[in-house]
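Have a look at query.cif; it's mmCIF, C-alpha atoms and all ligand atoms:
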data_final
loop_
_atom_site.label_atom_id
_atom_site.label_comp_id
_atom_site.auth_asym_id
_atom_site.auth_seq_id
_atom_site.Cartn_x
_atom_site.Cartn_y
_atom_site.Cartn_z
CA MET D 202 180.20 95.79 147.86
CA GLU D 203 179.02 98.73 145.75
CA LYS D 204 179.14 96.55 142.62
CA GLU D 205 177.02 93.92 144.36
CA ILE D 206 174.36 96.49 145.34
CA VAL D 207 174.26 97.87 141.78
CA LYS D 208 173.90 94.36 140.37
CA ARG D 209 171.25 93.28 142.84
CA ARG D 210 169.14 96.32 142.11
CA ASN D 211 169.70 96.06 138.35
CA ILE D 212 170.80 99.69 138.34
CA ASP D 213 172.96 99.44 135.21
CA LYS D 214 170.26 97.59 133.28
CA ILE D 215 167.48 99.97 134.30
CA ILE D 216 169.47 103.11 133.45
CA LYS D 217 170.46 101.62 130.10
CA ILE D 218 166.86 100.82 129.15
CA LEU D 219 165.55 104.23 130.22
CA SER D 220 168.41 106.09 128.46
CA LYS D 221 167.49 104.29 125.26
CA HIS D 222 163.77 104.92 125.70
CA PHE D 223 164.10 108.59 126.57
CA HIS D 224 166.49 109.72 123.89
CA TYR D 225 168.41 112.94 124.66
CA THR D 226 166.12 115.00 122.43
CA ARG D 227 163.18 114.09 124.63
CA ARG D 228 164.84 115.02 127.92
CA THR D 229 163.33 117.68 130.12
CA THR D 230 163.64 121.41 129.41
CA LEU D 231 166.06 121.83 132.30
CA ASN D 232 168.15 118.92 131.16
CA ARG D 233 168.42 120.37 127.65
CA MET D 234 169.52 123.71 129.12
CA ARG D 235 172.70 121.98 130.30
CA LYS D 236 174.06 122.24 126.78
CA LYS D 237 174.53 126.01 127.06
CA PRO D 238 174.23 126.64 130.77
CA ASN D 239 173.08 130.02 132.03
CA PRO D 240 172.76 129.59 135.82
CA TYR D 241 170.20 132.36 136.23
CA LYS D 242 167.93 131.07 133.47
CA ILE D 243 168.23 127.51 134.80
CA LEU D 244 167.28 128.71 138.28
CA ILE D 245 164.30 130.72 137.04
CA SER D 246 163.08 127.86 134.81
CA CYS D 247 163.35 125.48 137.74
CA LEU D 248 161.25 127.78 139.92
CA LEU D 249 158.70 128.07 137.12
CA SER D 250 158.61 124.29 136.67
CA LEU D 251 157.23 123.62 140.16
CA ARG D 252 153.81 121.98 139.94
CA THR D 253 153.45 122.34 136.19
CA LYS D 254 154.05 120.32 133.03
CA ASP D 255 157.39 120.41 131.28
CA ALA D 256 155.93 121.79 128.03
CA ASN D 257 154.46 124.63 130.06
CA THR D 258 157.80 125.41 131.68
CA GLU D 259 159.47 125.64 128.30
CA SER D 260 156.92 128.01 126.74
CA VAL D 261 156.60 130.23 129.83
CA SER D 262 160.39 130.46 130.26
CA LYS D 263 160.83 131.46 126.61
CA LYS D 264 158.12 134.09 126.88
CA LEU D 265 159.62 135.53 130.06
CA PHE D 266 163.24 135.51 128.85
CA LYS D 267 162.27 137.47 125.73
CA VAL D 268 161.23 140.31 128.02
CA ALA D 269 163.55 139.85 131.00
CA SER D 270 166.44 137.44 131.46
CA THR D 271 168.70 138.96 134.14
CA PRO D 272 168.32 139.38 137.93
CA SER D 273 168.01 143.15 137.63
CA GLU D 274 165.39 142.97 134.87
CA ILE D 275 163.17 140.61 136.87
CA ALA D 276 163.81 142.28 140.24
CA ASN D 277 162.75 145.62 138.79
CA MET D 278 159.82 144.39 136.74
CA ASN D 279 156.32 145.45 137.64
CA ILE D 280 154.77 142.52 139.54
CA LYS D 281 151.52 142.62 137.56
CA LYS D 282 153.46 142.45 134.29
CA LEU D 283 155.48 139.51 135.63
CA GLU D 284 152.33 137.70 136.78
CA LYS D 285 150.82 138.14 133.33
CA LEU D 286 153.94 136.78 131.61
CA ILE D 287 154.08 133.63 133.74
CA TYR D 288 150.33 133.19 134.21
CA SER D 289 150.13 129.83 132.38
CA SER D 290 152.74 128.20 134.64
CA GLY D 291 150.13 128.02 137.43
CA HIS D 292 150.46 129.43 140.96
CA TYR D 293 151.55 132.57 139.09
CA LYS D 294 151.11 134.99 141.98
CA LYS D 295 153.29 132.99 144.33
CA LYS D 296 155.84 132.27 141.60
CA ALA D 297 156.04 135.96 140.61
CA ARG D 298 156.78 136.91 144.22
CA THR D 299 159.43 134.18 144.47
CA LEU D 300 161.07 135.17 141.19
CA LYS D 301 161.31 138.80 142.28
CA HIS D 302 162.61 137.96 145.75
CA VAL D 303 165.20 135.47 144.47
CA SER D 304 166.39 137.92 141.79
CA LYS D 305 166.70 140.71 144.36
CA GLU D 306 168.72 138.49 146.70
CA ILE D 307 171.06 137.43 143.87
CA LEU D 308 171.58 141.08 142.99
CA GLU D 309 172.04 142.42 146.50
CA ARG D 310 173.85 139.55 148.24
CA PHE D 311 175.70 137.85 145.42
CA GLY D 312 176.54 140.66 143.00
CA GLY D 313 174.13 139.40 140.35
CA LYS D 314 175.73 135.96 140.10
CA VAL D 315 173.83 132.80 141.05
CA PRO D 316 175.79 131.09 143.87
CA SER D 317 177.57 127.87 142.99
CA ASN D 318 177.40 126.21 146.39
CA LYS D 319 174.47 124.62 148.16
CA GLU D 320 174.63 126.53 151.44
CA GLU D 321 174.41 129.90 149.70
CA LEU D 322 171.65 128.74 147.37
CA LEU D 323 169.61 127.41 150.31
CA SER D 324 170.11 130.69 152.16
CA ILE D 325 167.83 132.35 149.59
CA LYS D 326 164.17 132.03 150.58
CA GLY D 327 162.29 130.25 147.80
CA ILE D 328 165.14 127.92 146.84
CA GLY D 329 164.75 124.40 148.24
CA PRO D 330 167.11 121.39 148.10
CA LYS D 331 165.80 120.13 144.76
CA THR D 332 166.14 123.51 143.05
CA ALA D 333 169.60 124.01 144.55
CA ASN D 334 170.76 120.63 143.25
CA ILE D 335 169.26 121.29 139.80
CA VAL D 336 171.26 124.53 139.60
CA LEU D 337 174.47 122.87 140.83
CA CYS D 338 174.05 119.90 138.51
CA PHE D 339 172.76 121.55 135.32
CA ALA D 340 174.37 124.98 135.55
CA TYR D 341 177.66 124.26 137.32
CA ASP D 342 178.15 120.63 136.30
CA LYS D 343 178.60 119.54 139.92
CA CYS D 344 178.12 115.95 140.93
CA VAL D 345 174.92 116.19 142.97
CA LEU D 346 171.62 114.35 142.93
CA PRO D 347 168.54 116.47 142.18
CA VAL D 348 165.69 114.50 143.76
CA ASP D 349 162.11 115.57 143.11
CA VAL D 350 158.88 113.66 143.68
CA HIS D 351 159.33 111.53 140.53
CA VAL D 352 162.84 110.42 141.48
CA HIS D 353 161.58 109.74 145.01
CA VAL D 354 158.57 107.65 143.92
CA VAL D 355 160.35 105.63 141.21
CA SER D 356 163.38 104.87 143.41
CA ASN D 357 161.10 103.53 146.15
CA ARG D 358 158.95 101.42 143.81
CA LEU D 359 162.08 99.90 142.30
CA GLY D 360 163.26 99.03 145.81
CA TRP D 361 166.45 101.03 145.44
CA VAL D 362 165.59 102.91 148.62
CA MET D 363 162.96 102.76 151.38
CA THR D 364 162.31 106.39 152.29
CA LYS D 365 159.52 108.77 153.16
CA THR D 366 160.71 112.09 151.72
CA PRO D 367 162.74 113.29 148.68
CA GLU D 368 165.38 114.58 151.13
CA GLN D 369 165.83 111.08 152.61
CA THR D 370 165.88 109.61 149.09
CA GLU D 371 168.71 111.96 148.12
CA LYS D 372 170.78 110.74 151.07
CA GLU D 373 170.08 107.05 150.40
CA LEU D 374 170.65 107.29 146.65
CA GLU D 375 174.00 108.92 147.32
CA LYS D 376 175.01 105.66 149.02
CA ILE D 377 173.94 103.22 146.30
CA LEU D 378 173.90 105.01 142.95
CA PRO D 379 177.24 105.13 141.09
CA LYS D 380 178.33 108.75 140.58
CA LYS D 381 178.38 108.35 136.81
CA TYR D 382 174.54 108.30 136.93
CA TRP D 383 173.96 111.26 139.24
CA LYS D 384 173.57 113.87 136.53
CA GLU D 385 171.25 111.72 134.42
CA ILE D 386 168.90 110.28 136.99
CA ASN D 387 166.67 113.34 137.40
CA GLY D 388 165.93 113.75 133.68
CA LEU D 389 165.32 110.02 133.20
CA PHE D 390 163.10 109.46 136.24
CA VAL D 391 161.10 112.65 135.69
CA LEU D 392 160.21 111.52 132.16
CA HIS D 393 159.62 107.97 133.33
CA GLY D 394 157.40 109.21 136.14
CA LYS D 395 155.35 111.28 133.75
CA GLU D 396 154.97 108.64 131.03
CA PHE D 397 154.67 105.42 133.05
CA CYS D 398 155.27 105.62 136.78
CA GLN D 399 152.63 108.13 137.83
CA SER D 400 151.96 108.44 141.55
CA PHE D 401 148.40 107.17 141.22
CA SER D 402 147.94 103.97 139.19
CA PRO D 403 151.21 103.61 137.23
CA LEU D 404 151.19 102.11 133.73
CA CYS D 405 153.12 98.96 134.67
CA THR D 406 151.92 96.83 131.73
CA LYS D 407 153.64 99.15 129.25
CA CYS D 408 156.62 100.09 131.42
CA PRO D 409 159.96 99.28 129.74
CA ILE D 410 161.58 98.28 133.05
CA ASN D 411 158.68 96.24 134.49
CA SER D 412 160.67 92.99 134.45
CA TYR D 413 163.15 94.55 136.91
CA CYS D 414 160.59 96.27 139.14
CA PRO D 415 159.21 94.73 142.36
CA ARG D 416 156.53 97.49 142.35
CA ILE D 417 156.97 98.17 146.03
CA GLY D 418 154.01 100.05 147.50
CA VAL D 419 151.98 99.97 144.25
CA LYS D 420 148.39 99.21 145.22
CA ARG D 421 146.76 99.85 141.88
CA SER D 422 148.30 99.74 138.42
CA ARG D 423 147.28 99.56 134.80
S1 LIG M 1 156.71 98.57 136.69
FE1 LIG M 1 155.21 100.07 137.38
S2 LIG M 1 155.89 100.70 139.42
FE2 LIG M 1 157.64 99.74 138.38
S3 LIG M 1 158.77 101.42 137.44
FE3 LIG M 1 157.36 100.58 135.92
S4 LIG M 1 155.53 101.86 136.07
FE4 LIG M 1 156.75 102.19 137.95
#
Could you take the file, read its structure, and then write that structure out as structure tokens?
Amino acid sequence: MEKEIVKRRNIDKIIKILSKHFHYTRRTTLNRMRKKPNPYKILISCLLSLRTKDANTESVSKKLFKVASTPSEIANMNIKKLEKLIYSSGHYKKKARTLKHVSKEILERFGGKVPSNKEELLSIKGIGPKTANIVLCFAYDKCVLPVDVHVHVVSNRLGWVMTKTPEQTEKELEKILPKKYWKEINGLFVLHGKEFCQSFSPLCTKCPINSYCPRIGVKRSR
């Protein structure tokens, strides 16, 4: 049955085309961090990546980690200094508060070590399901599905799922996506969403998987 679903949705073919198109060297900052995983840095970079471009996340993370790269360094940093360091990531005031709170929680409740299970990660205010799954997948090599807005939008347009929220998409993808793809899907669909499958008016004419896409819900495309 699972094989039939995968075949019908062209899952193998689509992943193969996207893996070729988005060579490893072009994968997202967080995806590249998997090579030498530091759970705390992955968590902080993920929090910085919210509502900003990937290139921004990379430069801001580097700048911050040169000055502070441990829970105690960020928890004890002057908030104004932290805001200045992460200013270009956008929403810097809110992000600075989150970074300090999360670092303090990790220090006080988890002995300075980022938790490696979802319940504990979600118990920290500021960490949502996507961030928790990114940490589990990229830092602890656990088989989970990090679903953000790109994964949600692309999966629906391809007709793999019919869902309204990233949380629902995570649950539905768990049922149909072979586990061997779980760790890759976020990096591939994030890049695909940025280059071709943007929320508003996707670039379907140039999309490398357009022959397999029913474009469900797409009202306007280029
Ligand atoms: S054909 Fe269009 S809607 Fe489908 S995946 Fe490509 S860009 Fe997205």
Ligand LIG 1 (chain M) neighbours within 12 Å using all atoms listed in the file, as number ranges by chain:
D: 215-216, 218-219, 351-361, 389-423
Those selected residues, please, written with C-alpha atoms and delivered as an mmCIF file, in the coordinates of the input.
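Saved as out_4.cif:
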data_model
loop_
_atom_site.group_PDB
_atom_site.id
_atom_site.type_symbol
_atom_site.label_atom_id
_atom_site.label_comp_id
_atom_site.auth_asym_id
_atom_site.auth_seq_id
_atom_site.Cartn_x
_atom_site.Cartn_y
_atom_site.Cartn_z
ATOM 1 C CA ILE D 215 167.480 99.970 134.300
ATOM 2 C CA ILE D 216 169.470 103.110 133.450
ATOM 3 C CA ILE D 218 166.860 100.820 129.150
ATOM 4 C CA LEU D 219 165.550 104.230 130.220
ATOM 5 C CA HIS D 351 159.330 111.530 140.530
ATOM 6 C CA VAL D 352 162.840 110.420 141.480
ATOM 7 C CA HIS D 353 161.580 109.740 145.010
ATOM 8 C CA VAL D 354 158.570 107.650 143.920
ATOM 9 C CA VAL D 355 160.350 105.630 141.210
ATOM 10 C CA SER D 356 163.380 104.870 143.410
ATOM 11 C CA ASN D 357 161.100 103.530 146.150
ATOM 12 C CA ARG D 358 158.950 101.420 143.810
ATOM 13 C CA LEU D 359 162.080 99.900 142.300
ATOM 14 C CA GLY D 360 163.260 99.030 145.810
ATOM 15 C CA TRP D 361 166.450 101.030 145.440
ATOM 16 C CA LEU D 389 165.320 110.020 133.200
ATOM 17 C CA PHE D 390 163.100 109.460 136.240
ATOM 18 C CA VAL D 391 161.100 112.650 135.690
ATOM 19 C CA LEU D 392 160.210 111.520 132.160
ATOM 20 C CA HIS D 393 159.620 107.970 133.330
ATOM 21 C CA GLY D 394 157.400 109.210 136.140
ATOM 22 C CA LYS D 395 155.350 111.280 133.750
ATOM 23 C CA GLU D 396 154.970 108.640 131.030
ATOM 24 C CA PHE D 397 154.670 105.420 133.050
ATOM 25 C CA CYS D 398 155.270 105.620 136.780
ATOM 26 C CA GLN D 399 152.630 108.130 137.830
ATOM 27 C CA SER D 400 151.960 108.440 141.550
ATOM 28 C CA PHE D 401 148.400 107.170 141.220
ATOM 29 C CA SER D 402 147.940 103.970 139.190
ATOM 30 C CA PRO D 403 151.210 103.610 137.230
ATOM 31 C CA LEU D 404 151.190 102.110 133.730
ATOM 32 C CA CYS D 405 153.120 98.960 134.670
ATOM 33 C CA THR D 406 151.920 96.830 131.730
ATOM 34 C CA LYS D 407 153.640 99.150 129.250
ATOM 35 C CA CYS D 408 156.620 100.090 131.420
ATOM 36 C CA PRO D 409 159.960 99.280 129.740
ATOM 37 C CA ILE D 410 161.580 98.280 133.050
ATOM 38 C CA ASN D 411 158.680 96.240 134.490
ATOM 39 C CA SER D 412 160.670 92.990 134.450
ATOM 40 C CA TYR D 413 163.150 94.550 136.910
ATOM 41 C CA CYS D 414 160.590 96.270 139.140
ATOM 42 C CA PRO D 415 159.210 94.730 142.360
ATOM 43 C CA ARG D 416 156.530 97.490 142.350
ATOM 44 C CA ILE D 417 156.970 98.170 146.030
ATOM 45 C CA GLY D 418 154.010 100.050 147.500
ATOM 46 C CA VAL D 419 151.980 99.970 144.250
ATOM 47 C CA LYS D 420 148.390 99.210 145.220
ATOM 48 C CA ARG D 421 146.760 99.850 141.880
ATOM 49 C CA SER D 422 148.300 99.740 138.420
ATOM 50 C CA ARG D 423 147.280 99.560 134.800
#
Have a look at CA of Ser246 in chain D and CA of Lys343 in chain D and let me know their distance in Å, one decimal.
18.3 Å
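Computed from the coordinates, the CA of Lys305 in chain D to CA of Thr271 in chain D distance equals 10.6 Å.
Atom pair CA of Pro238 in chain D / CA of Lys384 in chain D: separated by 14.0 Å.
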Contacts of Ser273 in chain D at 8 Å (only C-alpha atoms; same-chain gap of 6+ positions) as a list in words:
Ser304, Lys305, Leu308 and Gly313 of chain D
Could you write out the selected residues, including C-alpha atoms, as a PDB file, in the coordinates of the input?
ATOM      1  CA  SER D 304     166.390 137.920 141.790  1.00  0.00           C
ATOM      2  CA  LYS D 305     166.700 140.710 144.360  1.00  0.00           C
ATOM      3  CA  LEU D 308     171.580 141.080 142.990  1.00  0.00           C
ATOM      4  CA  GLY D 313     174.130 139.400 140.350  1.00  0.00           C
TER       5      GLY D 313
END
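Comparing D:Lys301, D:Asn318, D:Leu346, D:Glu368 by their smallest distance to Tyr382 in chain D, the closest is D:Leu346 (using all atoms listed in the file).
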Draw an axis-aligned box tight on the listed atoms of range 409-422 of chain D, then pad every side by 4 Å and write out centre and edge lengths in Å to one decimal as lines of an AutoDock Vina configuration file.
center_x = 155.0
center_y = 96.5
center_z = 138.6
size_x = 24.4
size_y = 15.1
size_z = 25.8
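The smallest atom-to-atom distance between Leu251 in chain D and any of D:Tyr293, D:Phe311, D:Tyr341, D:Phe223, using all atoms listed in the file, is found for D:Tyr293.
With distances taken over all atoms listed in the file, D:Leu248 is the one residue among D:Asn279, D:Leu248, D:Asp349, D:Phe339 lying closest to Thr299 in chain D.
Shortest atom-to-atom contact with Pro240 in chain D among D:Ile377, D:Cys344, D:Val261, D:Leu337: D:Leu337, counting all atoms listed in the file.
For the set D:Arg298, D:Lys217, D:His292, D:Leu249, the residue with the smallest atom-to-atom gap to Glu385 in chain D is D:Lys217, counting only C-alpha atoms.
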Given the choices D:Pro379, D:Pro272, D:Gly327, D:Ile287, which gets closest to Arg310 in chain D if the distance is worked out from only C-alpha atoms?
D:Pro272
